[in-house]
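Structure below is upload_8.cif: mmCIF, C-alpha atoms.
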data_coords
#
loop_
_atom_site.label_atom_id
_atom_site.label_comp_id
_atom_site.auth_asym_id
_atom_site.auth_seq_id
_atom_site.Cartn_x
_atom_site.Cartn_y
_atom_site.Cartn_z
CA MET A 28 0.00 0.00 0.00
CA ILE A 29 2.87 2.38 0.80
CA ILE A 30 4.47 1.74 -2.59
CA ASP A 31 1.13 2.36 -4.33
CA ALA A 32 0.70 5.66 -2.47
CA ILE A 33 4.20 6.83 -3.37
CA ILE A 34 3.74 5.91 -7.05
CA ALA A 35 0.43 7.77 -7.13
CA SER A 36 2.02 10.87 -5.58
CA LEU A 37 4.85 10.75 -8.12
CA LEU A 38 2.32 10.64 -10.96
CA VAL A 39 0.45 13.62 -9.52
CA ALA A 40 3.74 15.54 -9.24
CA ALA A 41 4.47 14.73 -12.88
CA VAL A 42 1.41 16.81 -13.83
CA SER A 43 3.60 19.86 -13.16
CA LEU A 44 5.27 19.13 -16.51
CA ILE A 45 2.07 19.87 -18.40
CA GLY A 46 3.06 23.51 -18.66
CA ALA A 47 6.11 22.54 -20.71
CA LEU A 48 3.82 20.64 -23.08
CA MET A 49 1.30 23.49 -23.37
CA PHE A 50 3.81 26.20 -24.25
CA GLY A 51 5.40 25.85 -27.68
CA ARG A 52 9.12 26.22 -28.11
CA ASN A 53 8.72 29.40 -30.16
CA ILE A 54 6.46 31.16 -27.67
CA ASP A 55 6.93 34.92 -27.36
CA ILE A 56 6.91 35.22 -23.59
CA ASN A 57 6.76 39.02 -23.72
CA ARG A 58 3.51 38.91 -25.67
CA SER A 59 2.14 36.10 -23.53
CA GLU A 60 2.95 37.92 -20.28
CA ARG A 61 -0.08 40.19 -20.65
CA PHE A 62 -2.25 37.06 -20.47
CA LEU A 63 -0.25 34.90 -18.06
CA VAL A 64 -0.04 37.23 -15.07
CA PRO A 65 -3.74 38.22 -14.86
CA LEU A 66 -4.75 34.58 -15.39
CA ALA A 67 -2.38 33.56 -12.58
CA VAL A 68 -3.99 36.11 -10.23
CA GLY A 69 -7.44 34.68 -10.95
CA VAL A 70 -6.29 31.07 -10.55
CA PHE A 71 -4.56 31.74 -7.22
CA LEU A 72 -7.50 33.74 -5.83
CA SER A 73 -9.89 30.91 -6.68
CA LEU A 74 -7.62 28.33 -5.08
CA VAL A 75 -7.38 30.41 -1.91
CA LEU A 76 -11.04 31.43 -1.60
CA PHE A 77 -12.78 28.24 -2.72
CA GLU A 78 -10.41 25.62 -1.32
CA LEU A 79 -7.59 26.50 1.05
CA ILE A 80 -9.39 28.97 3.33
CA PRO A 81 -12.60 26.88 3.63
CA GLU A 82 -10.57 23.74 4.39
CA THR A 83 -8.50 25.55 7.00
CA LEU A 84 -11.46 27.12 8.79
CA SER A 85 -13.40 23.87 8.62
CA GLU A 86 -10.62 22.03 10.46
CA ALA A 87 -9.70 24.86 12.87
CA PRO A 88 -12.43 27.53 13.16
CA ALA A 89 -10.72 29.30 16.06
CA LEU A 90 -7.07 29.18 14.98
CA GLY A 91 -7.25 28.80 11.21
CA GLY A 92 -7.28 32.55 10.66
CA ILE A 93 -4.00 32.84 12.54
CA ALA A 94 -2.34 30.31 10.22
CA ILE A 95 -3.60 32.25 7.18
CA MET A 96 -2.33 35.53 8.64
CA LEU A 97 1.09 34.01 9.41
CA GLY A 98 1.31 32.70 5.86
CA PHE A 99 0.51 36.15 4.47
CA VAL A 100 2.94 38.01 6.74
CA GLY A 101 5.57 35.32 6.28
CA PHE A 102 5.48 35.81 2.52
CA TYR A 103 5.62 39.57 2.96
CA VAL A 104 8.88 39.13 4.89
CA LEU A 105 10.14 36.55 2.39
CA SER A 106 9.39 38.82 -0.57
CA ASN A 107 11.57 41.53 0.99
CA ILE A 108 14.37 39.03 1.59
CA LEU A 109 14.16 37.88 -2.03
CA HIS A 110 14.14 41.50 -3.23
CA LYS A 111 17.44 42.06 -1.43
CA ARG A 112 18.82 38.86 -2.92
CA PHE A 113 17.99 39.92 -6.47
CA HIS A 114 18.62 43.65 -5.98
CA HIS A 115 21.64 43.55 -8.28
CA LEU A 116 19.35 42.82 -11.23
CA GLU A 117 17.35 45.46 -13.08
CA ALA A 118 14.13 46.39 -11.27
CA ASP A 119 11.86 44.45 -13.63
CA GLU A 120 14.04 41.33 -13.56
CA CYS A 121 14.28 41.53 -9.76
CA ASP A 122 10.48 41.58 -9.45
CA LYS A 123 10.06 38.63 -11.83
CA LYS A 124 12.64 36.46 -10.05
CA GLY A 125 11.10 37.28 -6.68
CA ALA A 126 7.58 36.39 -7.86
CA ALA A 127 8.80 33.11 -9.34
CA SER A 128 10.52 32.15 -6.07
CA LEU A 129 7.39 32.94 -4.06
CA ILE A 130 5.28 30.81 -6.40
CA LEU A 131 7.59 27.82 -6.04
CA ILE A 132 7.68 28.02 -2.24
CA GLY A 133 3.94 28.56 -1.90
CA ASP A 134 3.18 25.72 -4.29
CA ALA A 135 5.50 23.39 -2.38
CA ILE A 136 3.61 24.07 0.86
CA HIS A 137 0.27 23.53 -0.88
CA ASN A 138 1.46 20.28 -2.43
CA LEU A 139 2.72 19.05 0.95
CA ALA A 140 -0.83 19.47 2.28
CA ASP A 141 -2.18 17.63 -0.78
CA GLY A 142 0.23 14.81 0.02
CA PHE A 143 -1.37 14.49 3.45
CA ILE A 144 -4.77 14.18 1.76
CA LEU A 145 -3.53 11.61 -0.74
CA GLY A 146 -1.76 9.52 1.89
CA GLY A 147 -4.89 9.58 4.03
CA ALA A 148 -6.96 8.36 1.11
CA PHE A 149 -4.70 5.34 0.67
CA LEU A 150 -5.05 4.61 4.39
CA VAL A 151 -8.81 4.38 3.90
CA ASP A 152 -8.51 2.09 0.89
CA PRO A 153 -6.11 1.86 -2.10
CA SER A 154 -9.01 2.27 -4.52
CA VAL A 155 -10.01 5.50 -2.75
CA GLY A 156 -6.39 6.64 -3.02
CA VAL A 157 -6.38 6.11 -6.79
CA VAL A 158 -9.57 8.13 -7.20
CA VAL A 159 -8.25 10.98 -5.04
CA ALA A 160 -4.94 10.96 -6.95
CA PHE A 161 -6.82 11.31 -10.23
CA GLY A 162 -8.87 14.18 -8.81
CA LEU A 163 -5.76 15.97 -7.51
CA ALA A 164 -4.03 15.58 -10.87
CA ILE A 165 -6.93 17.21 -12.74
CA HIS A 166 -7.11 19.81 -10.00
CA GLU A 167 -3.48 20.85 -10.57
CA ILE A 168 -3.62 21.37 -14.33
CA PRO A 169 -4.71 25.06 -14.52
CA GLN A 170 -2.38 26.08 -11.71
CA GLU A 171 0.65 24.29 -13.15
CA ILE A 172 0.13 25.81 -16.60
CA VAL A 173 0.10 29.41 -15.35
CA GLU A 174 2.96 28.75 -12.91
CA PHE A 175 5.14 27.42 -15.72
CA GLY A 176 4.33 30.54 -17.73
CA VAL A 177 5.28 32.82 -14.83
CA LEU A 178 8.60 30.96 -14.47
CA LEU A 179 9.31 31.52 -18.16
CA ARG A 180 8.41 35.17 -17.67
CA ALA A 181 11.02 35.31 -14.89
CA GLY A 182 13.72 34.41 -17.38
CA TYR A 183 14.14 30.69 -16.76
CA SER A 184 14.63 28.40 -19.74
CA ARG A 185 11.98 25.82 -20.53
CA ALA A 186 14.13 23.08 -18.96
CA GLU A 187 14.84 25.15 -15.83
CA ALA A 188 11.19 26.13 -15.43
CA ALA A 189 10.05 22.52 -15.84
CA LEU A 190 12.63 21.22 -13.35
CA ARG A 191 11.85 23.87 -10.72
CA ASN A 192 8.12 23.27 -11.10
CA LEU A 193 8.64 19.52 -10.76
CA LEU A 194 10.76 19.92 -7.62
CA SER A 195 8.09 22.15 -6.06
CA ALA A 196 5.34 19.68 -6.99
CA SER A 197 7.34 16.77 -5.57
CA SER A 198 6.61 17.89 -2.01
CA ILE A 199 3.36 15.94 -2.44
CA VAL A 200 5.49 12.78 -2.23
CA LEU A 201 6.90 13.90 1.12
CA GLY A 202 3.42 14.70 2.43
CA THR A 203 2.12 11.32 1.31
CA MET A 204 4.97 9.47 3.04
CA ILE A 205 4.52 11.43 6.27
CA ILE A 206 0.80 10.79 6.55
CA VAL A 207 1.17 7.08 5.70
CA LEU A 208 3.85 6.61 8.36
CA ILE A 209 2.44 8.79 11.17
CA ALA A 210 -1.20 9.34 10.24
CA ASP A 211 -2.54 9.58 13.78
CA ARG A 212 -0.10 12.33 14.72
CA ALA A 213 -0.05 14.35 11.49
CA GLU A 214 -3.79 14.41 10.82
CA GLN A 215 -4.63 17.15 13.31
CA TYR A 216 -2.00 19.55 11.98
CA VAL A 217 -2.90 19.64 8.27
CA TRP A 218 -4.90 22.86 8.76
CA ILE A 219 -1.65 24.64 9.57
CA LEU A 220 -0.29 23.77 6.13
CA THR A 221 -3.48 24.67 4.26
CA GLY A 222 -3.79 27.93 6.20
CA PHE A 223 -0.17 28.87 5.62
CA ALA A 224 -0.48 28.04 1.92
CA ALA A 225 -3.65 30.17 1.72
CA GLY A 226 -1.81 33.16 3.17
CA ASN A 227 1.13 32.55 0.82
CA LEU A 228 -0.93 32.46 -2.36
CA LEU A 229 -3.21 35.31 -1.23
CA TYR A 230 -0.16 37.52 -0.75
CA LEU A 231 1.25 36.42 -4.09
CA ALA A 232 -1.97 37.20 -5.98
CA ALA A 233 -3.16 40.35 -4.23
CA ALA A 234 0.04 42.01 -2.99
CA ASP A 235 2.64 40.93 -5.54
CA LEU A 236 1.26 40.08 -8.98
CA LEU A 237 -1.79 42.38 -9.00
CA PRO A 238 0.15 45.60 -8.26
CA ARG A 239 2.51 44.76 -11.12
CA ILE A 240 -0.42 44.50 -13.50
CA HIS A 241 -1.78 47.82 -12.25
CA GLY A 242 1.64 49.45 -12.66
CA THR A 243 1.90 48.36 -16.31
CA LEU A 244 -1.73 48.44 -17.45
CA ARG A 245 -0.83 49.58 -20.95
CA ALA A 246 1.39 46.52 -21.44
CA HIS A 247 -1.48 44.32 -20.25
CA GLY A 248 -3.98 45.82 -22.70
CA GLY A 249 -5.73 48.15 -20.26
CA MET A 250 -7.91 47.73 -17.18
CA ASN A 251 -10.78 45.97 -18.93
CA ARG A 252 -8.61 43.26 -20.48
CA ALA A 253 -6.63 42.67 -17.29
CA ALA A 254 -9.80 42.46 -15.17
CA GLY A 255 -11.43 40.18 -17.72
CA LEU A 256 -8.48 37.78 -17.71
CA ILE A 257 -8.47 37.70 -13.90
CA VAL A 258 -12.15 36.72 -14.02
CA VAL A 259 -11.44 34.06 -16.66
CA GLY A 260 -8.64 32.53 -14.55
CA PHE A 261 -10.86 32.64 -11.48
CA ALA A 262 -13.80 31.05 -13.31
CA VAL A 263 -11.76 28.25 -14.89
CA MET A 264 -10.05 27.30 -11.61
CA SER A 265 -13.34 27.53 -9.69
CA GLY A 266 -14.99 25.24 -12.21
CA VAL A 267 -12.18 22.70 -11.88
CA ILE A 268 -12.32 22.85 -8.07
CA SER A 269 -16.11 22.43 -8.03
CA TRP A 270 -16.03 19.51 -10.47
CA THR A 271 -13.21 17.64 -8.75
CA HIS A 272 -14.85 18.07 -5.35
CA GLN A 273 -18.12 16.68 -6.66
CA GLU A 274 -16.58 13.80 -8.58
CA PHE A 275 -13.65 12.77 -6.39
CA GLY A 276 -13.89 14.57 -3.08
CA HIS A 277 -11.11 16.67 -1.61
CA GLU A 278 -12.03 17.09 2.02
CA LEU A 279 -9.47 15.91 4.53
CA GLU A 280 -12.05 14.32 6.78
CA ASN A 281 -13.11 12.10 3.89
CA SER A 282 -9.53 11.04 3.23
CA VAL A 283 -7.78 10.60 6.57
CA PRO A 284 -9.37 8.02 8.87
CA SER A 285 -10.01 9.59 12.26
CA GLN A 286 -9.61 7.69 15.49
CA GLU A 287 -13.39 7.39 15.76
CA ARG A 288 -13.70 5.77 12.34
CA GLN A 289 -10.78 3.48 13.10
CA LEU A 290 -12.56 2.37 16.29
CA ASP A 291 -15.76 1.81 14.32
CA GLN A 292 -13.90 -0.68 12.16
CA TYR A 293 -13.38 -2.83 15.24
#
Show the structure stored in the file as structure tokens.
Amino acid sequence: MIIDAIIASLLVAAVSLIGALMFGRNIDINRSERFLVPLAVGVFLSLVLFELIPETLSEAPALGGIAIMLGFVGFYVLSNILHKRFHHLEADECDKKGAASLILIGDAIHNLADGFILGGAFLVDPSVGVVVAFGLAIHEIPQEIVEFGVLLRAGYSRAEAALRNLLSASSIVLGTMIIVLIADRAEQYVWILTGFAAGNLLYLAAADLLPRIHGTLRAHGGMNRAAGLIVVGFAVMSGVISWTHQEFGHELENSVPSQERQLDQY
């Protein structure tokens, strides 16, 4: 069962490579940037508002907000650290490298939480694990596509962007292994990861990427086009989230067997 769970998590991580397949080799990243960044804002906002925050508050109504706040403030501090690291670059290149680094870190935290969910599903039953893995894979597609585009925008080559995205996505394997090995202890702390990831991606969308769009509206085709693309990204990701939840389930309590359900089995 452990081997099956690890293989499933590796296959879900491999979905991160879909961005490399979607973007042609001759893509003009400067022309595509006006579409990629607003779409990324919409995708991240949907992920935060329709999945990560509800899951966090469902598991920890009293303390979940603190985890979200710490994730937001933590990324504010991290963004300033990254700005100092890349300060030797031109201003635009510094901003792009910083945004790419934030995306990779935030995605790694999110995928670690997904690994907990996937590992819990395999603890319930291997067949449930396969279904959840399929749902997670579909779930990741829109996010991975826009993340790969943002990495290209930051100046990474296609190979570098694909490798960095894959490494970030691979944290799902670590999460799966942890929950399979110490399920009883790790189960009650997953809300910390989902809350922290929510704060991370909320900061990235609202305080990092969105101001850059507003500061270069002409390059993004004006306010109407930028706002429209944010709505499109939000709608597409929301549709994927809604469909995967209905078809496969994505709630932690449906994936990780609680002590009460384990007792019921006896």
Result set, the PyMOL selection byres ((chain A and resi 254-260) around 8) on current file, as a count of residues only: 15
Among the residues A:Leu105, A:Ile29, A:Ala126, A:Ala89, the one that comes closest to Asp235 in chain A [using all atoms listed in the file]: A:Ala126
Using all atoms listed in the file: which of A:Leu208, A:Ala140, A:Leu231, A:Val42 has the shortest distance to Ser128 in chain A: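 Looking at the shortest contact to Ser128 in chain A, the residue is A:Leu231.
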Residues in the PyMOL selection byres ((chain A and resi 196) around 8), expressed as a PyMOL selection string: chain A and resi 40-41+43+134-135+138+192-195+197-199
For Ala164 in chain A, the nearest of the candidates A:Asp152, A:Asp141, A:Asp31, A:Glu86, counting only C-alpha atoms: A:Asp141
Two-atom distance - CA of Met49 in chain A, CA of Ala148 in chain A (Å): 29.9 Å
